[in-house]
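Trainee: File my_file_8.csv below, CSV, C-alpha atoms:
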```csv
chain,number,residue,atom,x,y,z
A,442,MET,CA,101.4,57.8,81.1
A,443,LYS,CA,99.4,57.1,77.9
A,444,PHE,CA,96.1,57.6,79.8
A,445,ALA,CA,97.4,60.9,81.3
A,446,ILE,CA,98.3,62.1,77.8
A,447,LEU,CA,94.8,61.2,76.5
A,448,LEU,CA,93.2,63.1,79.4
A,449,LEU,CA,95.4,66.2,78.6
A,450,SER,CA,94.5,66.0,74.9
A,451,ALA,CA,90.8,65.8,75.8
A,452,SER,CA,91.1,68.8,78.1
A,453,LEU,CA,92.8,70.8,75.4
A,454,LEU,CA,90.2,69.9,72.8
A,455,SER,CA,87.4,70.8,75.2
A,456,ALA,CA,89.0,74.2,75.7
A,457,VAL,CA,89.2,74.9,72.0
A,458,ALA,CA,85.7,73.7,71.4
A,459,CYS,CA,84.3,76.1,74.0
A,460,ALA,CA,86.4,79.1,73.0
A,461,GLU,CA,84.4,82.2,72.1
A,462,THR,CA,85.5,85.6,70.9
A,463,VAL,CA,84.5,88.6,73.1
A,464,ALA,CA,85.2,92.3,72.8
A,465,THR,CA,85.2,95.3,75.1
A,466,THR,CA,86.1,99.0,74.7
A,467,ALA,CA,89.1,100.7,76.2
A,468,ALA,CA,88.8,104.2,77.7
A,469,ASP,CA,90.2,105.8,74.5
A,470,GLY,CA,87.7,103.9,72.3
A,471,VAL,CA,89.9,101.1,71.1
A,472,THR,CA,88.1,97.8,70.7
A,473,VAL,CA,89.9,95.1,72.7
A,474,TYR,CA,89.4,91.5,71.7
A,475,GLY,CA,89.6,88.4,73.8
A,476,GLU,CA,89.0,84.7,73.7
A,477,THR,CA,87.1,82.9,76.5
A,478,TYR,CA,88.0,79.4,77.5
A,479,TYR,CA,85.4,78.3,80.0
A,480,ALA,CA,85.1,74.6,79.1
A,481,ASP,CA,82.1,73.2,81.1
A,482,LEU,CA,83.0,75.1,84.3
A,483,PRO,CA,80.3,76.8,86.3
A,484,ASP,CA,79.9,80.6,86.7
A,485,SER,CA,81.2,80.2,90.2
A,486,ALA,CA,84.6,79.0,89.0
A,487,PRO,CA,87.5,81.4,89.5
A,488,LEU,CA,88.5,83.5,86.5
A,489,LEU,CA,92.0,84.2,85.1
A,490,SER,CA,92.4,87.2,82.8
A,491,LEU,CA,95.5,86.7,80.7
A,492,PHE,CA,97.6,89.3,78.9
A,493,HIS,CA,100.4,88.6,76.4
A,494,GLN,CA,104.0,89.7,75.8
A,495,ALA,CA,105.4,92.0,73.1
A,496,GLY,CA,104.7,91.1,69.5
A,497,SER,CA,102.2,88.5,70.5
A,498,ASN,CA,98.5,87.9,71.1
A,499,GLY,CA,96.3,86.1,73.6
A,500,ARG,CA,95.3,83.0,71.6
A,501,GLY,CA,98.9,82.3,70.4
A,502,GLU,CA,100.7,82.8,73.7
A,503,TYR,CA,98.2,81.0,75.9
A,504,GLY,CA,96.7,78.4,73.6
A,505,PRO,CA,98.9,75.6,75.0
A,506,LEU,CA,98.0,76.5,78.6
A,507,THR,CA,94.2,77.0,78.5
A,508,GLY,CA,93.4,73.3,78.7
A,509,TRP,CA,95.7,72.9,81.7
A,510,LEU,CA,94.1,75.9,83.4
A,511,ASN,CA,90.6,74.6,82.7
A,512,GLY,CA,91.6,71.3,84.1
A,513,LEU,CA,92.6,73.0,87.3
A,514,GLY,CA,89.1,74.5,87.5
A,515,TYR,CA,89.7,78.0,86.2
A,516,ARG,CA,87.8,79.8,83.5
A,517,VAL,CA,90.1,81.8,81.3
A,518,ILE,CA,90.0,84.9,79.1
A,519,ALA,CA,93.1,85.6,76.9
A,520,TRP,CA,93.3,89.1,75.6
A,521,ASP,CA,94.9,90.9,72.6
A,522,GLN,CA,96.4,94.2,73.4
A,523,ARG,CA,97.2,96.9,70.8
A,524,SER,CA,100.9,96.5,71.4
A,525,GLY,CA,101.3,93.1,69.9
A,526,ASP,CA,101.3,91.1,66.6
A,527,GLY,CA,101.3,87.5,65.3
A,528,TYR,CA,104.0,85.9,67.4
A,529,PHE,CA,103.1,82.3,68.4
A,530,GLY,CA,101.0,81.9,65.2
A,531,ALA,CA,97.7,83.8,65.8
A,532,ASP,CA,96.4,87.2,64.7
A,533,ASN,CA,96.2,90.1,67.1
A,534,ARG,CA,92.8,91.5,66.4
A,535,THR,CA,93.1,94.5,68.7
A,536,ALA,CA,96.3,95.6,67.1
A,537,ALA,CA,94.9,95.0,63.6
A,538,GLU,CA,92.1,97.5,64.1
A,539,ALA,CA,93.7,100.0,66.5
A,540,ASP,CA,94.9,103.4,65.1
A,541,GLY,CA,97.5,105.5,66.9
A,542,PRO,CA,100.4,104.8,69.2
A,543,ASP,CA,101.0,101.1,70.1
A,544,GLY,CA,103.8,101.3,72.6
A,545,TYR,CA,103.8,99.3,75.8
A,546,CYS,CA,102.4,102.1,77.9
A,547,ASP,CA,99.8,102.8,75.2
A,548,ALA,CA,98.4,99.3,75.9
A,549,TYR,CA,97.5,100.1,79.5
A,550,PRO,CA,93.9,101.1,78.7
A,551,ASP,CA,93.6,97.6,77.1
A,552,ILE,CA,94.7,96.0,80.4
A,553,GLU,CA,92.2,98.1,82.3
A,554,ALA,CA,89.4,97.2,79.9
A,555,GLY,CA,90.2,93.5,80.1
A,556,VAL,CA,90.2,93.7,83.9
A,557,ALA,CA,86.8,95.5,84.0
A,558,TYR,CA,85.3,93.0,81.6
A,559,ALA,CA,86.7,90.0,83.5
A,560,HIS,CA,85.5,91.4,86.8
A,561,LYS,CA,82.0,91.5,85.5
A,562,ALA,CA,82.3,88.1,83.9
A,563,ALA,CA,83.6,86.6,87.1
A,564,ARG,CA,80.2,87.2,88.7
A,565,GLY,CA,81.6,87.4,92.2
A,566,ALA,CA,84.1,84.6,91.8
A,567,PRO,CA,87.8,85.3,92.4
A,568,LEU,CA,89.6,87.1,89.7
A,569,ILE,CA,93.4,86.7,89.0
A,570,ILE,CA,95.1,88.9,86.5
A,571,TRP,CA,98.1,87.4,84.7
A,572,GLY,CA,100.7,89.3,82.6
A,573,SER,CA,103.7,88.3,80.5
A,574,SER,CA,106.8,90.5,80.0
A,575,TYR,CA,105.6,94.1,79.3
A,576,SER,CA,102.0,93.2,80.3
A,577,ALA,CA,103.4,91.6,83.5
A,578,SER,CA,104.7,95.1,84.4
A,579,LEU,CA,101.3,96.6,83.6
A,580,VAL,CA,99.2,94.2,85.6
A,581,TRP,CA,101.0,95.2,88.8
A,582,ARG,CA,99.8,98.7,88.1
A,583,ALA,CA,96.3,97.5,87.3
A,584,ALA,CA,96.2,95.5,90.5
A,585,ALA,CA,97.1,98.6,92.5
A,586,GLU,CA,94.6,100.9,90.8
A,587,HIS,CA,91.8,98.4,90.6
A,588,SER,CA,92.3,96.5,93.9
A,589,GLU,CA,88.5,96.1,94.5
A,590,GLU,CA,88.2,94.1,91.3
A,591,VAL,CA,91.4,92.0,91.5
A,592,ASP,CA,92.1,89.2,93.9
A,593,GLY,CA,95.7,88.3,92.9
A,594,VAL,CA,98.4,88.8,90.3
A,595,VAL,CA,100.6,86.4,88.3
A,596,ALA,CA,103.5,88.2,86.6
A,597,MET,CA,105.7,86.2,84.2
A,598,SER,CA,109.0,87.9,83.4
A,599,THR,CA,108.1,91.3,84.6
A,600,ALA,CA,109.8,93.8,82.3
A,601,THR,CA,111.4,97.1,83.4
A,602,GLY,CA,113.3,99.9,81.7
A,603,GLY,CA,112.6,102.7,79.3
A,604,LYS,CA,109.1,104.1,79.3
A,605,LEU,CA,107.7,101.1,81.2
A,606,ASP,CA,109.3,102.5,84.3
A,607,GLN,CA,106.8,105.4,84.0
A,608,CYS,CA,103.7,103.3,83.6
A,609,GLY,CA,104.3,99.8,84.9
A,610,ALA,CA,105.7,97.8,87.8
A,611,LEU,CA,107.8,100.6,89.4
A,612,ILE,CA,104.8,102.7,90.0
A,613,GLY,CA,102.3,99.9,90.5
A,614,LEU,CA,104.1,97.6,93.0
A,615,PRO,CA,104.2,100.1,95.9
A,616,GLY,CA,100.3,100.2,95.8
A,617,VAL,CA,99.6,96.5,95.4
A,618,ALA,CA,97.5,95.1,98.2
A,619,ASP,CA,96.6,91.7,96.7
A,620,PRO,CA,98.7,88.5,96.7
A,621,GLY,CA,101.2,88.2,93.9
A,622,LEU,CA,103.4,85.6,92.2
A,623,ALA,CA,106.4,86.9,90.2
A,624,VAL,CA,108.1,84.3,87.9
A,625,TRP,CA,111.3,84.6,86.0
A,626,PRO,CA,113.4,82.0,84.1
A,627,GLN,CA,116.8,81.5,85.7
A,628,LYS,CA,118.5,83.4,82.9
A,629,GLU,CA,116.5,86.5,83.7
A,630,GLU,CA,117.2,86.4,87.5
A,631,LYS,CA,118.8,89.8,87.3
A,632,GLN,CA,115.4,91.3,86.6
A,633,ALA,CA,114.1,89.7,89.8
A,634,LYS,CA,116.9,91.3,91.7
A,635,ALA,CA,116.2,94.7,90.3
A,636,LEU,CA,112.7,94.5,91.8
A,637,LYS,CA,113.7,92.7,94.9
A,638,SER,CA,113.0,95.5,97.4
A,639,LEU,CA,109.6,96.3,96.0
A,640,LEU,CA,108.6,92.6,95.9
A,641,SER,CA,109.8,91.9,99.4
A,642,ALA,CA,108.0,94.9,100.8
A,643,LYS,CA,104.7,93.4,99.5
A,644,ASP,CA,105.5,89.8,100.5
A,645,ILE,CA,105.2,88.7,96.9
A,646,LYS,CA,106.3,85.2,96.1
A,647,VAL,CA,109.2,85.0,93.7
A,648,LEU,CA,109.7,81.9,91.6
A,649,ILE,CA,112.9,81.4,89.6
A,650,VAL,CA,112.5,78.6,87.0
A,651,LYS,CA,115.4,76.5,85.8
A,652,ASP,CA,115.2,75.9,82.0
A,653,GLY,CA,112.5,78.6,81.6
A,654,VAL,CA,112.2,81.0,78.7
A,655,HIS,CA,110.8,84.5,78.5
A,656,GLY,CA,107.2,85.2,79.6
A,657,SER,CA,104.4,82.7,80.1
A,658,SER,CA,106.1,80.3,77.6
A,659,THR,CA,108.2,79.2,80.6
A,660,LEU,CA,105.3,76.9,81.4
A,661,VAL,CA,105.1,75.3,78.0
A,662,ASP,CA,107.3,72.2,77.4
A,663,GLY,CA,107.3,72.7,73.6
A,664,ARG,CA,108.7,76.2,73.9
A,665,THR,CA,111.4,75.4,76.5
A,666,LYS,CA,112.3,72.0,75.2
A,667,HIS,CA,112.2,70.7,78.8
A,668,ASP,CA,109.7,69.2,81.2
A,669,MET,CA,108.1,72.2,82.9
A,670,SER,CA,105.7,70.2,85.0
A,671,ALA,CA,107.4,71.3,88.3
A,672,ALA,CA,107.0,75.0,87.3
A,673,ARG,CA,103.4,74.4,86.4
A,674,ALA,CA,102.8,72.7,89.7
A,675,SER,CA,104.3,75.6,91.6
A,676,VAL,CA,102.0,78.1,89.8
A,677,ALA,CA,99.0,75.8,90.4
A,678,GLU,CA,99.8,75.6,94.1
A,679,TRP,CA,100.0,79.3,94.4
A,680,LEU,CA,96.7,79.8,92.5
A,681,ALA,CA,94.9,77.3,94.7
A,682,ALA,CA,96.2,78.8,97.9
A,683,THR,CA,95.5,82.4,96.9
A,684,ILE,CA,91.9,81.6,95.7
A,685,SER,CA,91.3,79.5,98.8
A,686,ASN,CA,92.2,82.5,101.0
A,687,THR,CA,90.0,84.8,98.9
A,688,GLU,CA,87.0,82.5,99.3
A,689,GLU,CA,87.4,82.2,103.1
```
Is it possible to give me this structure as structure tokens?
Mentor:
Amino acid sequence: MKFAILLLSASLLSAVACAETVATTAADGVTVYGETYYADLPDSAPLLSLFHQAGSNGRGEYGPLTGWLNGLGYRVIAWDQRSGDGYFGADNRTAAEADGPDGYCDAYPDIEAGVAYAHKAARGAPLIIWGSSYSASLVWRAAAEHSEEVDGVVAMSTATGGKLDQCGALIGLPGVADPGLAVWPQKEEKQAKALKSLLSAKDIKVLIVKDGVHGSSTLVDGRTKHDMSAARASVAEWLAATISNTEE
């Protein structure tokens, strides 16, 4: 066990050491910042493009997960969208500089910009887009509208309701052609049931996680106060199978 902890710590440190800030521009001119975590992985390694939940930012939300994902063989980019802030202890650089509306739907150009940048950075390797809460809703739409660039979707706690229903999952899911994994904590299972018919129609895998919390934090032990290794293993298994099918 001690050896495993040391290996995990080394992986996390490697991810931090190799982090690099990048930026791209949304269609409306907003500068969208991201952080790359490529470790020592080759350009041929699959790429995960990660988007955060409300009030948050890429580095804060995904910091505890980048070492794990690198260890699985995935390069990672964690983005800041204009609809976000300092939740999880890091600054949202996109939100700090952006002027104008910053609602959930207003952040969709940031998602598109992140997908386009990641597609180019993938250099032909498989690209999985990953959202959390409101951005989980938006990545379903991005997958439908940019299917030639995207190879799969991970959606943690897909949010619905209000204006999101006009710009997110409800309009995106019917057009999704790529494989998808939709994850909710058990306490949010009603959200999964609300989207059941759309998810079933696209044969999207649904994972309900005991002891989980909202968004991508479901995979972080320190945020759930539980051992989430089984949930991480399920996500890892889906990623491996999806990418394997893509590469065949």
Trainee: Which residue is closest to Pro567 of chain A? Choose from A:Ser658, A:Ser675, A:Ser485, A:Gln627 and count all atoms listed in the file.
Mentor: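 Closest candidate: A:Ser485.
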Trainee: Dump as a Markdown table the rows for residues of segment 550-667 of chain A within 10 Å of segment 498-502 of chain A: closest atom pair and distance in Å with one decimal, only C-alpha atoms counted, ordered by chain and rising residue number.
Mentor:
```
| residue | atom | partner | partner_atom | distance |
| --- | --- | --- | --- | --- |
| A:Ser573 | CA | A:Glu502 | CA | 9.2 |
| A:Gly656 | CA | A:Glu502 | CA | 9.1 |
| A:Ser657 | CA | A:Glu502 | CA | 7.4 |
| A:Ser658 | CA | A:Glu502 | CA | 7.1 |
| A:Val661 | CA | A:Glu502 | CA | 9.7 |
```
Trainee: Go ahead and compute the interatomic distance for atom CA of Glu538 of chain A and atom CA of Glu476 of chain A, in Å to one decimal.
Mentor: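 Interatomic distance here is 16.3 Å.
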Trainee: When you count all atoms listed in the file, which of these residues is closest to Val580 of chain A: A:Ile552, A:Leu510, A:Ile684, A:Ala562?
Mentor: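 Result for the nearest residue to Val580 of chain A: A:Ile552.
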Trainee: Mind pulling up the distance from atom CA of Trp571 of chain A to atom CA of Ala672 of chain A?
Mentor: 15.5 Å
Trainee: Closest to Asp547 of chain A among A:Ser641, A:Asn533, A:Ser490, A:Gln522, using all atoms listed in the file?
Mentor: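 Ranked by minimum distance to Asp547 of chain A, first place goes to A:Gln522.
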Trainee: Have a look at atom CA of Ala537 of chain A and atom CA of Gln494 of chain A and let me know their distance in Å, one decimal.
Mentor: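 Going from atom CA of Ala537 of chain A over to atom CA of Gln494 of chain A covers 16.1 Å.
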Trainee: Identify, on the basis of all atoms listed in the file, every residue whose closest approach to Ile570 of chain A does not exceed 7 Å; exclude the query and any residue fewer than 2 positions from it along the same chain; express the result as a PyMOL selection string.
Mentor: chain A and resi 489-491+568+572+580+591+593-595
Trainee: Name the closest residue to Gln607 of chain A among the candidates A:Val650, A:Val471, A:Cys546, A:Ala674; distances are taken between atoms, counting all atoms listed in the file.
Mentor: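 Smallest separation from Gln607 of chain A among the options: A:Cys546.
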Trainee: Name the residues in contact with Lys604 of chain A at a cut-off of 12 Å, using all atoms listed in the file, excluding same-chain residues fewer than 4 positions from it; report them as number ranges by chain.
Mentor: A: 544-547, 575, 578-579, 600, 608-612
Trainee: Using all atoms listed in the file, find the one residue out of A:Gly496, A:Pro550, A:Pro615, A:Pro505 that sits nearest to Arg664 of chain A.
Mentor: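 Result for the nearest residue to Arg664 of chain A: A:Pro505.
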